[in-house]
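Visitor: My structure is in final.txt, and what it holds is compact mmCIF, C-alpha atoms:
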# COMPACT_ATOMS: atom_id res chain seq x y z
CA MET Z 17 -22.52 14.93 8.12
CA GLY Z 18 -20.76 12.01 6.47
CA LYS Z 19 -17.82 10.01 7.72
CA VAL Z 20 -14.12 10.86 7.52
CA ILE Z 21 -12.44 7.95 5.73
CA ALA Z 22 -8.63 7.86 5.91
CA SER Z 23 -7.12 5.54 3.31
CA ILE Z 24 -3.56 4.74 2.36
CA THR Z 25 -1.40 1.97 0.91
CA THR Z 26 1.48 0.50 2.91
CA SER Z 27 4.10 -2.19 2.50
CA VAL Z 28 4.04 -5.28 4.74
CA ASP Z 29 6.61 -3.53 6.94
CA GLY Z 30 4.40 -0.45 7.23
CA TYR Z 31 5.99 2.05 4.83
CA VAL Z 32 3.77 4.32 2.70
CA THR Z 33 6.73 5.26 0.48
CA GLY Z 34 10.16 3.86 -0.27
CA PRO Z 35 13.25 6.05 0.24
CA ASP Z 36 13.49 9.42 -1.61
CA ASP Z 37 9.80 9.95 -2.35
CA GLY Z 38 8.83 13.21 -4.05
CA PRO Z 39 8.25 14.70 -7.49
CA GLU Z 40 11.06 12.66 -9.06
CA PHE Z 41 10.40 9.25 -7.53
CA GLY Z 42 6.70 9.50 -6.62
CA LEU Z 43 6.29 6.83 -3.97
CA GLY Z 44 10.06 6.57 -3.46
CA ARG Z 45 12.66 4.16 -4.83
CA GLY Z 46 11.01 0.77 -5.17
CA GLY Z 47 7.71 2.28 -4.04
CA GLU Z 48 6.06 1.66 -7.44
CA ARG Z 49 5.18 -1.79 -6.09
CA LEU Z 50 2.87 -0.18 -3.53
CA HIS Z 51 0.59 0.88 -6.39
CA TYR Z 52 0.54 -2.18 -8.64
CA TRP Z 53 -3.04 -2.55 -7.43
CA VAL Z 54 -3.86 0.98 -8.66
CA MET Z 55 -2.30 0.43 -12.07
CA GLY Z 56 -3.53 -3.13 -12.49
CA GLY Z 57 0.00 -4.54 -12.59
CA PRO Z 58 3.70 -3.63 -12.72
CA TRP Z 59 4.62 -0.11 -13.88
CA THR Z 60 7.60 2.25 -13.58
CA TYR Z 61 8.05 5.99 -12.99
CA ASP Z 62 9.98 6.23 -16.27
CA GLY Z 63 7.80 4.05 -18.44
CA GLY Z 64 4.52 5.80 -17.75
CA HIS Z 65 1.47 3.74 -16.97
CA ASP Z 66 -2.15 3.11 -17.63
CA PHE Z 67 -4.71 3.36 -14.89
CA ALA Z 68 -5.93 -0.20 -15.40
CA MET Z 69 -7.24 -1.16 -11.97
CA HIS Z 70 -9.44 -4.25 -12.13
CA GLY Z 71 -11.04 -7.11 -10.21
CA PRO Z 72 -11.17 -6.92 -6.41
CA ASP Z 73 -8.96 -3.80 -6.44
CA LYS Z 74 -11.47 -1.95 -8.60
CA GLN Z 75 -14.39 -3.23 -6.54
CA PHE Z 76 -12.69 -1.97 -3.37
CA TYR Z 77 -11.90 1.42 -4.91
CA ASP Z 78 -15.29 1.93 -6.54
CA GLU Z 79 -17.15 1.10 -3.32
CA MET Z 80 -15.00 3.52 -1.35
CA VAL Z 81 -15.23 6.49 -3.71
CA ALA Z 82 -18.96 5.96 -4.32
CA THR Z 83 -19.87 7.72 -1.05
CA LEU Z 84 -17.30 10.55 -1.21
CA GLY Z 85 -18.16 14.24 -1.50
CA ALA Z 86 -14.78 15.87 -0.82
CA GLY Z 87 -11.20 15.02 0.12
CA VAL Z 88 -8.18 16.23 2.08
CA VAL Z 89 -4.50 15.48 1.32
CA GLY Z 90 -1.14 16.85 2.43
CA ARG Z 91 0.93 19.16 0.22
CA GLY Z 92 3.72 16.57 0.00
CA MET Z 93 1.36 14.05 -1.59
CA TYR Z 94 -0.07 16.71 -3.92
CA ASP Z 95 3.45 17.63 -5.08
CA ALA Z 96 4.64 14.01 -5.33
CA ALA Z 97 1.64 13.26 -7.55
CA GLY Z 98 2.46 16.27 -9.77
CA ALA Z 99 -0.94 17.71 -8.80
CA TRP Z 100 -2.42 14.84 -10.81
CA GLY Z 101 -1.60 16.77 -13.98
CA GLY Z 102 -3.41 19.87 -12.77
CA THR Z 103 -6.94 18.52 -12.31
CA ASN Z 104 -8.37 16.78 -9.26
CA PRO Z 105 -9.32 13.22 -10.30
CA PHE Z 106 -11.29 12.52 -7.10
CA PRO Z 107 -14.96 13.26 -6.28
CA GLY Z 108 -15.65 16.79 -4.98
CA THR Z 109 -13.13 19.45 -4.01
CA LEU Z 110 -9.73 18.22 -2.83
CA PHE Z 111 -8.42 20.34 0.05
CA VAL Z 112 -4.62 20.46 0.18
CA LEU Z 113 -2.93 21.16 3.52
CA THR Z 114 -0.05 23.58 3.01
CA HIS Z 115 1.77 26.47 4.65
CA ARG Z 116 1.78 28.28 1.28
CA THR Z 117 -1.93 29.05 0.85
CA GLU Z 118 -1.43 32.32 -1.06
CA ASP Z 119 -0.61 30.30 -4.18
CA GLN Z 120 -4.23 29.08 -4.73
CA PRO Z 121 -4.83 26.87 -7.78
CA ALA Z 122 -7.56 27.93 -10.21
CA LYS Z 123 -11.06 27.04 -9.03
CA GLU Z 124 -11.63 24.79 -12.07
CA SER Z 125 -8.72 22.58 -11.00
CA GLY Z 126 -10.82 21.21 -8.16
CA PHE Z 127 -8.03 21.88 -5.64
CA ARG Z 128 -8.16 24.27 -2.69
CA PHE Z 129 -5.19 25.13 -0.46
CA VAL Z 130 -5.87 25.40 3.28
CA ALA Z 131 -3.52 26.02 6.19
CA ASP Z 132 -4.52 23.49 8.84
CA LEU Z 133 -6.36 20.22 9.38
CA GLY Z 134 -9.26 21.76 11.33
CA THR Z 135 -10.01 24.24 8.54
CA ALA Z 136 -9.62 21.54 5.90
CA LEU Z 137 -12.09 19.23 7.63
CA THR Z 138 -14.59 22.02 8.27
CA GLN Z 139 -14.52 23.20 4.66
CA ALA Z 140 -14.53 19.63 3.35
CA ALA Z 141 -17.60 18.86 5.49
CA GLU Z 142 -19.38 21.91 4.04
CA ALA Z 143 -18.44 20.88 0.51
CA ALA Z 144 -19.41 17.24 1.05
CA GLY Z 145 -22.80 17.84 2.67
CA ASP Z 146 -24.00 14.46 3.92
CA ARG Z 147 -21.47 12.60 1.78
CA ASP Z 148 -18.18 11.24 3.11
CA ILE Z 149 -14.77 12.93 3.23
CA SER Z 150 -11.66 11.07 2.14
CA LEU Z 151 -8.41 11.67 3.96
CA GLY Z 152 -5.42 10.65 1.85
CA GLY Z 153 -1.74 10.74 2.67
CA GLY Z 154 0.80 11.55 3.64
CA ALA Z 155 1.34 9.47 6.69
CA ASP Z 156 1.75 12.54 8.92
CA LEU Z 157 -1.71 13.81 7.94
CA ILE Z 158 -3.33 10.48 8.83
CA ARG Z 159 -1.46 10.29 12.14
CA GLN Z 160 -2.50 13.86 12.97
CA ALA Z 161 -6.17 13.12 12.22
CA LEU Z 162 -6.10 9.83 14.17
CA THR Z 163 -4.54 11.58 17.16
CA ALA Z 164 -7.23 14.29 17.01
CA GLY Z 165 -9.95 11.62 16.95
CA LYS Z 166 -11.18 12.84 13.56
CA VAL Z 167 -11.07 9.53 11.68
CA ASP Z 168 -14.23 7.41 11.45
CA GLU Z 169 -12.87 4.79 9.08
CA LEU Z 170 -9.28 3.69 8.52
CA VAL Z 171 -8.65 1.89 5.24
CA ILE Z 172 -5.33 0.13 4.76
CA SER Z 173 -4.22 -1.43 1.49
CA THR Z 174 -1.21 -3.67 2.08
CA ALA Z 175 0.98 -4.41 -0.95
CA PRO Z 176 3.02 -7.64 -1.02
CA VAL Z 177 6.44 -6.09 -0.55
CA ILE Z 178 8.85 -5.39 2.32
CA LEU Z 179 10.49 -2.03 1.53
CA GLY Z 180 12.99 -1.88 4.38
CA GLY Z 181 12.93 1.93 4.44
CA GLY Z 182 10.97 5.07 3.59
CA LYS Z 183 8.16 6.84 5.43
CA ARG Z 184 6.44 4.69 8.03
CA LEU Z 185 2.68 5.18 8.47
CA PHE Z 186 2.73 4.84 12.27
CA GLU Z 187 6.14 6.46 12.93
CA GLY Z 188 6.05 8.02 16.40
CA PHE Z 189 2.35 7.21 16.88
CA THR Z 190 1.80 6.11 20.49
CA ARG Z 191 -1.98 5.96 20.94
CA ASP Z 192 -3.90 2.74 21.48
CA VAL Z 193 -6.88 2.57 19.11
CA ASP Z 194 -9.47 -0.19 18.79
CA LEU Z 195 -10.67 -1.01 15.31
CA THR Z 196 -13.47 -3.14 13.89
CA ILE Z 197 -13.10 -4.85 10.54
CA ILE Z 198 -15.85 -3.79 8.12
CA LYS Z 199 -14.79 -5.51 4.92
CA THR Z 200 -11.74 -7.12 3.32
CA TYR Z 201 -10.79 -7.39 -0.37
CA SER Z 202 -7.98 -9.56 -1.70
CA SER Z 203 -6.17 -9.39 -5.04
CA PRO Z 204 -2.69 -10.50 -6.17
CA TYR Z 205 -1.54 -6.88 -5.76
CA ALA Z 206 -2.94 -5.92 -2.37
CA THR Z 207 -5.04 -6.84 0.63
CA HIS Z 208 -7.51 -4.05 1.39
CA VAL Z 209 -9.11 -3.81 4.84
CA ARG Z 210 -11.72 -1.24 5.86
CA TYR Z 211 -11.83 -0.63 9.63
CA THR Z 212 -14.20 1.40 11.78
CA VAL Z 213 -12.30 3.39 14.43
CA THR Z 214 -14.05 2.25 17.61
CA ARG Z 215 -12.31 4.59 20.07
CA MET V 17 13.01 -30.91 2.29
CA GLY V 18 9.91 -28.93 3.19
CA LYS V 19 9.43 -25.18 3.36
CA VAL V 20 10.28 -22.85 6.22
CA ILE V 21 7.06 -21.01 7.12
CA ALA V 22 7.44 -17.97 9.40
CA SER V 23 4.15 -16.92 10.95
CA ILE V 24 3.25 -14.25 13.46
CA THR V 25 0.41 -11.95 14.50
CA THR V 26 0.81 -8.18 14.43
CA SER V 27 -1.29 -5.11 15.15
CA VAL V 28 -2.22 -2.72 12.34
CA ASP V 29 0.77 -0.60 13.38
CA GLY V 30 3.11 -3.58 13.17
CA TYR V 31 3.62 -4.60 16.81
CA VAL V 32 3.81 -8.28 17.75
CA THR V 33 3.36 -7.47 21.45
CA GLY V 34 2.11 -4.55 23.47
CA PRO V 35 4.39 -2.96 26.10
CA ASP V 36 5.81 -5.18 28.93
CA ASP V 37 5.43 -8.58 27.26
CA GLY V 38 6.74 -11.58 29.18
CA PRO V 39 5.64 -14.27 31.62
CA GLU V 40 3.33 -11.87 33.49
CA PHE V 41 1.63 -10.12 30.58
CA GLY V 42 2.09 -12.65 27.75
CA LEU V 43 1.69 -10.52 24.63
CA GLY V 44 2.14 -7.30 26.62
CA ARG V 45 -0.32 -4.80 28.04
CA GLY V 46 -3.28 -4.65 25.69
CA GLY V 47 -1.71 -7.37 23.54
CA GLU V 48 -4.50 -9.85 24.34
CA ARG V 49 -6.34 -8.32 21.39
CA LEU V 50 -3.70 -9.69 19.04
CA HIS V 51 -4.91 -13.20 19.85
CA TYR V 52 -8.68 -12.83 19.84
CA TRP V 53 -8.52 -14.87 16.63
CA VAL V 54 -6.69 -17.66 18.46
CA MET V 55 -9.16 -17.76 21.35
CA GLY V 56 -12.25 -17.23 19.22
CA GLY V 57 -13.06 -13.92 20.90
CA PRO V 58 -12.12 -11.58 23.77
CA TRP V 59 -10.09 -13.02 26.66
CA THR V 60 -7.82 -11.71 29.43
CA TYR V 61 -4.55 -12.82 31.02
CA ASP V 62 -6.28 -12.95 34.40
CA GLY V 63 -9.52 -14.59 33.38
CA GLY V 64 -8.03 -17.57 31.65
CA HIS V 65 -9.40 -18.62 28.30
CA ASP V 66 -10.60 -21.40 26.12
CA PHE V 67 -8.90 -22.23 22.87
CA ALA V 68 -12.07 -21.74 20.82
CA MET V 69 -10.74 -20.75 17.41
CA HIS V 70 -13.39 -21.07 14.73
CA GLY V 71 -14.51 -20.10 11.23
CA PRO V 72 -11.94 -18.58 8.84
CA ASP V 73 -9.39 -18.35 11.68
CA LYS V 74 -9.56 -22.10 12.26
CA GLN V 75 -9.48 -22.83 8.54
CA PHE V 76 -6.35 -20.68 8.20
CA TYR V 77 -4.67 -22.35 11.19
CA ASP V 78 -5.61 -25.90 10.26
CA GLU V 79 -4.37 -25.50 6.70
CA MET V 80 -1.06 -24.09 7.93
CA VAL V 81 -0.32 -26.72 10.59
CA ALA V 82 -1.44 -29.59 8.34
CA THR V 83 1.90 -29.63 6.51
CA LEU V 84 4.19 -29.05 9.50
CA GLY V 85 6.75 -31.55 10.80
CA ALA V 86 8.73 -29.42 13.27
CA GLY V 87 9.01 -25.86 14.58
CA VAL V 88 11.43 -23.24 15.82
CA VAL V 89 10.72 -20.42 18.31
CA GLY V 90 12.78 -17.99 20.37
CA ARG V 91 13.33 -18.45 24.10
CA GLY V 92 11.44 -15.25 24.87
CA MET V 93 8.30 -16.59 23.24
CA TYR V 94 8.71 -19.96 24.98
CA ASP V 95 8.99 -18.22 28.35
CA ALA V 96 6.17 -15.75 27.65
CA ALA V 97 3.90 -18.69 26.79
CA GLY V 98 4.85 -20.43 30.05
CA ALA V 99 6.28 -23.28 27.94
CA TRP V 100 2.66 -23.98 26.95
CA GLY V 101 2.19 -25.67 30.32
CA GLY V 102 5.18 -27.96 29.81
CA THR V 103 4.13 -29.80 26.65
CA ASN V 104 4.60 -28.73 23.05
CA PRO V 105 1.13 -28.27 21.50
CA PHE V 106 2.45 -28.02 17.93
CA PRO V 107 3.22 -30.80 15.40
CA GLY V 108 6.69 -32.39 15.73
CA THR V 109 9.59 -31.26 17.91
CA LEU V 110 9.70 -27.55 18.81
CA PHE V 111 13.28 -26.24 18.78
CA VAL V 112 13.79 -23.34 21.17
CA LEU V 113 16.61 -20.88 20.47
CA THR V 114 18.39 -20.04 23.72
CA HIS V 115 21.81 -19.26 25.15
CA ARG V 116 21.05 -21.62 28.07
CA THR V 117 21.03 -24.99 26.32
CA GLU V 118 22.35 -26.99 29.30
CA ASP V 119 18.90 -26.84 30.87
CA GLN V 120 17.29 -29.28 28.36
CA PRO V 121 13.60 -30.07 28.89
CA ALA V 122 12.60 -33.73 29.15
CA LYS V 123 12.35 -35.46 25.77
CA GLU V 124 8.63 -36.20 26.30
CA SER V 125 7.90 -32.47 26.50
CA GLY V 126 8.47 -32.17 22.77
CA PHE V 127 10.86 -29.21 23.28
CA ARG V 128 14.56 -29.11 22.41
CA PHE V 129 16.89 -26.24 23.30
CA VAL V 130 19.43 -25.21 20.65
CA ALA V 131 21.98 -22.41 20.61
CA ASP V 132 21.65 -20.79 17.19
CA LEU V 133 19.32 -20.43 14.21
CA GLY V 134 21.50 -22.47 11.83
CA THR V 135 21.55 -25.46 14.20
CA ALA V 136 17.83 -25.09 14.88
CA LEU V 137 16.94 -25.13 11.18
CA THR V 138 19.27 -28.07 10.43
CA GLN V 139 17.87 -30.17 13.29
CA ALA V 140 14.31 -29.11 12.49
CA ALA V 141 14.80 -30.15 8.85
CA GLU V 142 16.04 -33.58 9.99
CA ALA V 143 13.10 -33.95 12.34
CA ALA V 144 10.56 -32.76 9.75
CA GLY V 145 11.75 -34.90 6.83
CA ASP V 146 9.86 -33.69 3.78
CA ARG V 147 7.28 -31.85 5.90
CA ASP V 148 7.39 -28.09 6.56
CA ILE V 149 9.06 -26.23 9.42
CA SER V 150 7.24 -23.48 11.26
CA LEU V 151 9.13 -20.45 12.47
CA GLY V 152 7.27 -18.65 15.25
CA GLY V 153 8.20 -15.51 17.12
CA GLY V 154 9.70 -13.51 18.48
CA ALA V 155 10.07 -10.75 16.01
CA ASP V 156 13.87 -10.89 16.24
CA LEU V 157 13.93 -14.55 15.22
CA ILE V 158 11.79 -13.84 12.14
CA ARG V 159 13.93 -10.84 11.16
CA GLN V 160 17.10 -12.93 11.57
CA ALA V 161 15.73 -15.73 9.38
CA LEU V 162 14.47 -13.27 6.73
CA THR V 163 17.86 -11.55 6.64
CA ALA V 164 19.58 -14.92 6.24
CA GLY V 165 17.28 -15.79 3.33
CA LYS V 166 15.91 -18.81 5.21
CA VAL V 167 12.19 -18.03 4.98
CA ASP V 168 10.15 -19.57 2.15
CA GLU V 169 6.74 -18.37 3.33
CA LEU V 170 5.86 -15.38 5.47
CA VAL V 171 2.45 -15.52 7.13
CA ILE V 172 1.09 -12.38 8.76
CA SER V 173 -2.09 -12.28 10.82
CA THR V 174 -3.15 -8.66 11.36
CA ALA V 175 -5.44 -8.00 14.32
CA PRO V 176 -7.79 -4.98 14.23
CA VAL V 177 -5.99 -2.88 16.82
CA ILE V 178 -3.41 -0.08 16.88
CA LEU V 179 -1.20 -0.74 19.92
CA GLY V 180 0.97 2.38 19.80
CA GLY V 181 3.92 0.59 21.44
CA GLY V 182 5.59 -2.75 22.13
CA LYS V 183 7.86 -4.89 19.97
CA ARG V 184 7.73 -4.04 16.28
CA LEU V 185 8.05 -6.94 13.82
CA PHE V 186 10.23 -5.06 11.33
CA GLU V 187 12.19 -2.91 13.81
CA GLY V 188 15.60 -2.15 12.30
CA PHE V 189 14.94 -4.37 9.26
CA THR V 190 16.38 -2.67 6.16
CA ARG V 191 16.19 -5.29 3.40
CA ASP V 192 13.90 -5.02 0.39
CA VAL V 193 12.00 -8.28 -0.10
CA ASP V 194 9.45 -9.12 -2.80
CA LEU V 195 6.49 -11.22 -1.76
CA THR V 196 3.70 -13.00 -3.63
CA ILE V 197 0.29 -13.43 -2.05
CA ILE V 198 -0.68 -17.11 -1.81
CA LYS V 199 -3.96 -16.93 0.09
CA THR V 200 -5.94 -14.57 2.32
CA TYR V 201 -8.41 -15.37 5.11
CA SER V 202 -10.66 -12.81 6.77
CA SER V 203 -12.52 -13.00 10.10
CA PRO V 204 -13.77 -10.32 12.53
CA TYR V 205 -10.64 -10.97 14.63
CA ALA V 206 -7.87 -10.94 12.03
CA THR V 207 -6.84 -10.78 8.39
CA HIS V 208 -4.44 -13.61 7.60
CA VAL V 209 -2.20 -13.41 4.53
CA ARG V 210 0.18 -16.15 3.38
CA TYR V 211 3.05 -14.83 1.24
CA THR V 212 5.76 -16.62 -0.72
CA VAL V 213 9.13 -14.89 -0.27
CA THR V 214 10.12 -14.28 -3.88
CA ARG V 215 13.63 -12.96 -3.25
Using C-alpha cells, write down the structure from this file.

Guide:
Amino acid sequence: MGKVIASITTSVDGYVTGPDDGPEFGLGRGGERLHYWVMGGPWTYDGGHDFAMHGPDKQFYDEMVATLGAGVVGRGMYDAAGAWGGTNPFPGTLFVLTHRTEDQPAKESGFRFVADLGTALTQAAEAAGDRDISLGGGADLIRQALTAGKVDELVISTAPVILGGGKRLFEGFTRDVDLTIIKTYSSPYATHVRYTVTR
Amino acid sequence: MGKVIASITTSVDGYVTGPDDGPEFGLGRGGERLHYWVMGGPWTYDGGHDFAMHGPDKQFYDEMVATLGAGVVGRGMYDAAGAWGGTNPFPGTLFVLTHRTEDQPAKESGFRFVADLGTALTQAAEAAGDRDISLGGGADLIRQALTAGKVDELVISTAPVILGGGKRLFEGFTRDVDLTIIKTYSSPYATHVRYTVTR
C-alpha cells in the first residue's frame, strides 16, 4: 500500500480560505492569492484564469502527483471548485466525502461519493494499489485524518499573504505531532514543504 | 533610517510557544523543538545546550543580524530567556517593552526598558542610525507592530512540529496584509522565509 499524502495551501497566518469561501468566491474573499502558485501568477474569480503553473511550483506539483493513484477530498472543496467542471483532473478516482451519497456522479466523471473517511481511505487504497493517495482539503478533512493517525505525509504550501480571517487549517486541533522535513521548494508565489509525519 | 525587521519562530500550526512558556519552561512544554535550528539540533531545558547553529540556519541568521543596529523585544520574552544571562547577545541596544521601567538594567548590560512600542521604535531608530532594527517576540509585540504598520520585513522560521497549543502568532489578528517573498532558507530544523510587507 502507498502513502497517504495530505496537501493544502495556507496563508502565513494559517488560513486555507479567506472569508465567505464557496461556489461564488472559491477560496473566499481575497483567497485568490493562495493559488497564485497554481495559476502561475495573479488571477481573479471574475476574470477567469489559465492554469499556467511553472518553475519550482510546477516541479513541486509534478513530483507530488507523479506517485498518486487516487485521491480523497471533502464535499465542500468539491462544491467550491465547481466539481472541476464535471471531470476529475487528478490521477485516479477522486473520492468525495459527503452525507449525500445517493447523488452519485457518473462513473466517467472520475468522482465517487462516500460517506465517511474510513470508507474513503479503504476504497482509495484499493483503487490506488501500491500508488499513493492524496488527501486534499478542506481543513476539517485534514484535521480528521491527522487525528486518526492516517496521514503519512503532510504537505503545506504557504502563500505570501496574511488573510486575517477565513478557515484556519489547525482550528481546534490540539494534538502534538512531530514532523520531518523531506523537501522544500521556493517560488515567488509560495513556499512548499513536504513533511513526513513521524508520530 | 533602516528597516524594522520582525522575526520569530513558529510551529507548523502557528504557535510561537508550547503551553506554559515562561522562566521555567522557556518556549513552553514541547517548545524546545521550535529552536532546534538555533541550537543546531535537539536540546532540553534541563540538559542545557550549546549554541551550535550551522549550515543554512546559520547563513539565514548571520545574514539577518549583519544589518542590525538595535532591537526591540517584549518583557515576557526577556524574562522567559532569563535576560540572556544578564547581557544582551544581539547587535546594539535591546529595548525591552515593559510596564515596570523604573527597574532599569545597568547600561553595560545592553538592555533598556521602555514603556511603549512608539517610544521603543523611536529610541531604537536613534540608536541604530541607518542600520536596521530587529523586532523579536512575543507574538503580541509583533501583532501590535504589524497592526500599526511599523513592520518593513516579516521573517518567519517554521519548525517541523505541530504543537497543538500555546501562544499563537496571529491570535486575534484580523488585518489583510500582502507580503513579497525576499529569500527562503531550508534546513532539517526549520524553513526560514523573509518577506517584505507590501501593504

Visitor: Find the distance between atom CA of Arg128 of chain Z and atom CA of Thr60 of chain Z and write it in Å to one decimal.

Guide: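 Computing the Euclidean distance for atom CA of Arg128 of chain Z and atom CA of Thr60 of chain Z yields 29.2 Å.
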
Visitor: Find the spatial neighbours of Ala99 of chain Z, counting only C-alpha atoms, within a cut-off of 12 Å - ignore same-chain residues fewer than 6 positions away - and output them as a list in words.

Guide: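 With the cut-off at 12 Å, the set is Gly38, Pro39, Gly42, Val89, Gly90, Arg91, Gly92, Met93, Pro105, Phe106, Leu110, Phe111, Val112, Pro121, Ser125, Gly126, Phe127, Arg128 and Phe129 of chain Z.
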
Visitor: Output as a tab-separated table (two decimals) with C-alpha atoms, keeping the file's coordinate frame the set of chain Z residues within 8 Å of chain V, with distances taken over only C-alpha atoms.

Guide:
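Below is the file that was written, iface-v3.tsv:
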chain	number	residue	atom	x	y	z
Z	29	ASP	CA	6.61	-3.53	6.94
Z	30	GLY	CA	4.40	-0.45	7.23
Z	176	PRO	CA	3.02	-7.64	-1.02
Z	177	VAL	CA	6.44	-6.09	-0.55
Z	178	ILE	CA	8.85	-5.39	2.32
Z	179	LEU	CA	10.49	-2.03	1.53
Z	180	GLY	CA	12.99	-1.88	4.38
Z	181	GLY	CA	12.93	1.93	4.44
Z	185	LEU	CA	2.68	5.18	8.47
Z	186	PHE	CA	2.73	4.84	12.27
Z	189	PHE	CA	2.35	7.21	16.88
Z	190	THR	CA	1.80	6.11	20.49
Z	191	ARG	CA	-1.98	5.96	20.94
Z	192	ASP	CA	-3.90	2.74	21.48
Z	193	VAL	CA	-6.88	2.57	19.11
Z	194	ASP	CA	-9.47	-0.19	18.79
Z	195	LEU	CA	-10.67	-1.01	15.31
Z	196	THR	CA	-13.47	-3.14	13.89
Z	197	ILE	CA	-13.10	-4.85	10.54
Z	200	THR	CA	-11.74	-7.12	3.32
Z	202	SER	CA	-7.98	-9.56	-1.70
Z	204	PRO	CA	-2.69	-10.50	-6.17
Z	205	TYR	CA	-1.54	-6.88	-5.76
Z	207	THR	CA	-5.04	-6.84	0.63
Z	211	TYR	CA	-11.83	-0.63	9.63

Visitor: What is the atom CA of Gln139 of chain Z-atom CA of Gly87 of chain Z distance in Å, reported with one decimal?

Guide: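 Taking atom CA of Gln139 of chain Z and atom CA of Gly87 of chain Z, their separation equals 9.9 Å.
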
Visitor: Do a neighbour search on segment 77-86 of chain Z at 8 Å with all atoms listed in the file, toss out local chain neighbours closer than 2 positions, and write the hits as a PDB file with C-alpha atoms, in the frame of the given file.

Guide:
ATOM      1  CA  ASP Z  73      -8.960  -3.800  -6.440  1.00  0.00           C
ATOM      2  CA  LYS Z  74     -11.470  -1.950  -8.600  1.00  0.00           C
ATOM      3  CA  GLN Z  75     -14.390  -3.230  -6.540  1.00  0.00           C
ATOM      4  CA  VAL Z  88      -8.180  16.230   2.080  1.00  0.00           C
ATOM      5  CA  PHE Z 106     -11.290  12.520  -7.100  1.00  0.00           C
ATOM      6  CA  PRO Z 107     -14.960  13.260  -6.280  1.00  0.00           C
ATOM      7  CA  GLY Z 108     -15.650  16.790  -4.980  1.00  0.00           C
ATOM      8  CA  THR Z 109     -13.130  19.450  -4.010  1.00  0.00           C
ATOM      9  CA  LEU Z 110      -9.730  18.220  -2.830  1.00  0.00           C
ATOM     10  CA  PHE Z 111      -8.420  20.340   0.050  1.00  0.00           C
ATOM     11  CA  ALA Z 140     -14.530  19.630   3.350  1.00  0.00           C
ATOM     12  CA  ALA Z 141     -17.600  18.860   5.490  1.00  0.00           C
ATOM     13  CA  ALA Z 143     -18.440  20.880   0.510  1.00  0.00           C
ATOM     14  CA  ALA Z 144     -19.410  17.240   1.050  1.00  0.00           C
ATOM     15  CA  GLY Z 145     -22.800  17.840   2.670  1.00  0.00           C
ATOM     16  CA  ASP Z 146     -24.000  14.460   3.920  1.00  0.00           C
ATOM     17  CA  ARG Z 147     -21.470  12.600   1.780  1.00  0.00           C
ATOM     18  CA  ASP Z 148     -18.180  11.240   3.110  1.00  0.00           C
ATOM     19  CA  ILE Z 149     -14.770  12.930   3.230  1.00  0.00           C
ATOM     20  CA  SER Z 150     -11.660  11.070   2.140  1.00  0.00           C
TER      21      SER Z 150
END

Visitor: Residues within 10 Å of Gln160 of chain Z, please, as a short mmCIF file (atom, residue, chain, number, x, y, z; two decimals) with C-alpha atoms, in the frame of the given file. Count only C-alpha atoms; anything in the same chain fewer than 5 positions from it doesn't count.

Guide:
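After the write, result_13.cif holds the following:
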data_model
loop_
_atom_site.label_atom_id
_atom_site.label_comp_id
_atom_site.auth_asym_id
_atom_site.auth_seq_id
_atom_site.Cartn_x
_atom_site.Cartn_y
_atom_site.Cartn_z
CA LEU Z 133 -6.36 20.22 9.38
CA ALA Z 155 1.34 9.47 6.69
CA GLY Z 165 -9.95 11.62 16.95
CA LYS Z 166 -11.18 12.84 13.56
CA VAL Z 167 -11.07 9.53 11.68
CA PHE Z 189 2.35 7.21 16.88
#

Visitor: Axis-aligned box over every listed atom of segment 198-203 of chain Z, padded by 6 Å per side: centre and edges in Å to one decimal, as JSON?

Guide:
{"center_x": -11.0, "center_y": -6.7, "center_z": 1.5, "size_x": 21.7, "size_y": 17.8, "size_z": 25.2}

Visitor: Calculated over all atoms listed in the file, which of the candidates V:Glu40, V:Glu48, V:Asp168, V:Asp156 has the smallest distance to Asp95 of chain V?

Guide: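 Using all atoms listed in the file, Asp95 of chain V sits closest to V:Glu40.
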
Visitor: Of the residues Z:His115, Z:Lys183, Z:His70, Z:Arg215, which is the one nearest to Thr25 of chain Z, using only C-alpha atoms?

Guide: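 Comparing Z:His115, Z:Lys183, Z:His70, Z:Arg215 against Thr25 of chain Z, the winner is Z:Lys183.
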
Visitor: Can you tell me how far atom CA of Ala136 of chain Z sits from atom CA of Leu157 of chain Z, in Å to one decimal?

Guide: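 One can read the atom CA of Ala136 of chain Z to atom CA of Leu157 of chain Z distance as 11.2 Å.
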
Visitor: Between Z:Tyr94, Z:Phe41, Z:Phe67, Z:Tyr31, which residue has the minimum interatomic distance to Trp53 of chain Z, considering all atoms listed in the file?

Guide: Z:Phe67

Visitor: Measuring atom to atom with all atoms listed in the file, identify which of Z:Ala68, Z:Ile158, Z:Leu151, Z:Ala164 is nearest to Ile21 of chain Z.

Guide: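 Among Z:Ala68, Z:Ile158, Z:Leu151, Z:Ala164, it is Z:Leu151 that comes nearest to Ile21 of chain Z.
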
Visitor: Set the distance at 9 Å and use only C-alpha atoms: which residues neighbour Met69 of chain Z once local chain neighbours fewer than 6 positions away are removed? I'd like the list as a short mmCIF file (atom, residue, chain, number, x, y, z; two decimals) with C-alpha atoms, in the coordinates of the input.

Guide:
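Dumped to out04.cif:
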data_model
loop_
_atom_site.label_atom_id
_atom_site.label_comp_id
_atom_site.auth_asym_id
_atom_site.auth_seq_id
_atom_site.Cartn_x
_atom_site.Cartn_y
_atom_site.Cartn_z
CA TYR Z 52 0.54 -2.18 -8.64
CA TRP Z 53 -3.04 -2.55 -7.43
CA VAL Z 54 -3.86 0.98 -8.66
CA MET Z 55 -2.30 0.43 -12.07
CA GLY Z 56 -3.53 -3.13 -12.49
CA GLY Z 57 0.00 -4.54 -12.59
CA TYR Z 77 -11.90 1.42 -4.91
#

Visitor: Considering all atoms listed in the file, can you say which of V:Gly154, V:Glu142, V:Gly71, V:Ala97 comes closest to Leu113 of chain V?

Guide: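 Using all atoms listed in the file, Leu113 of chain V sits closest to V:Gly154.
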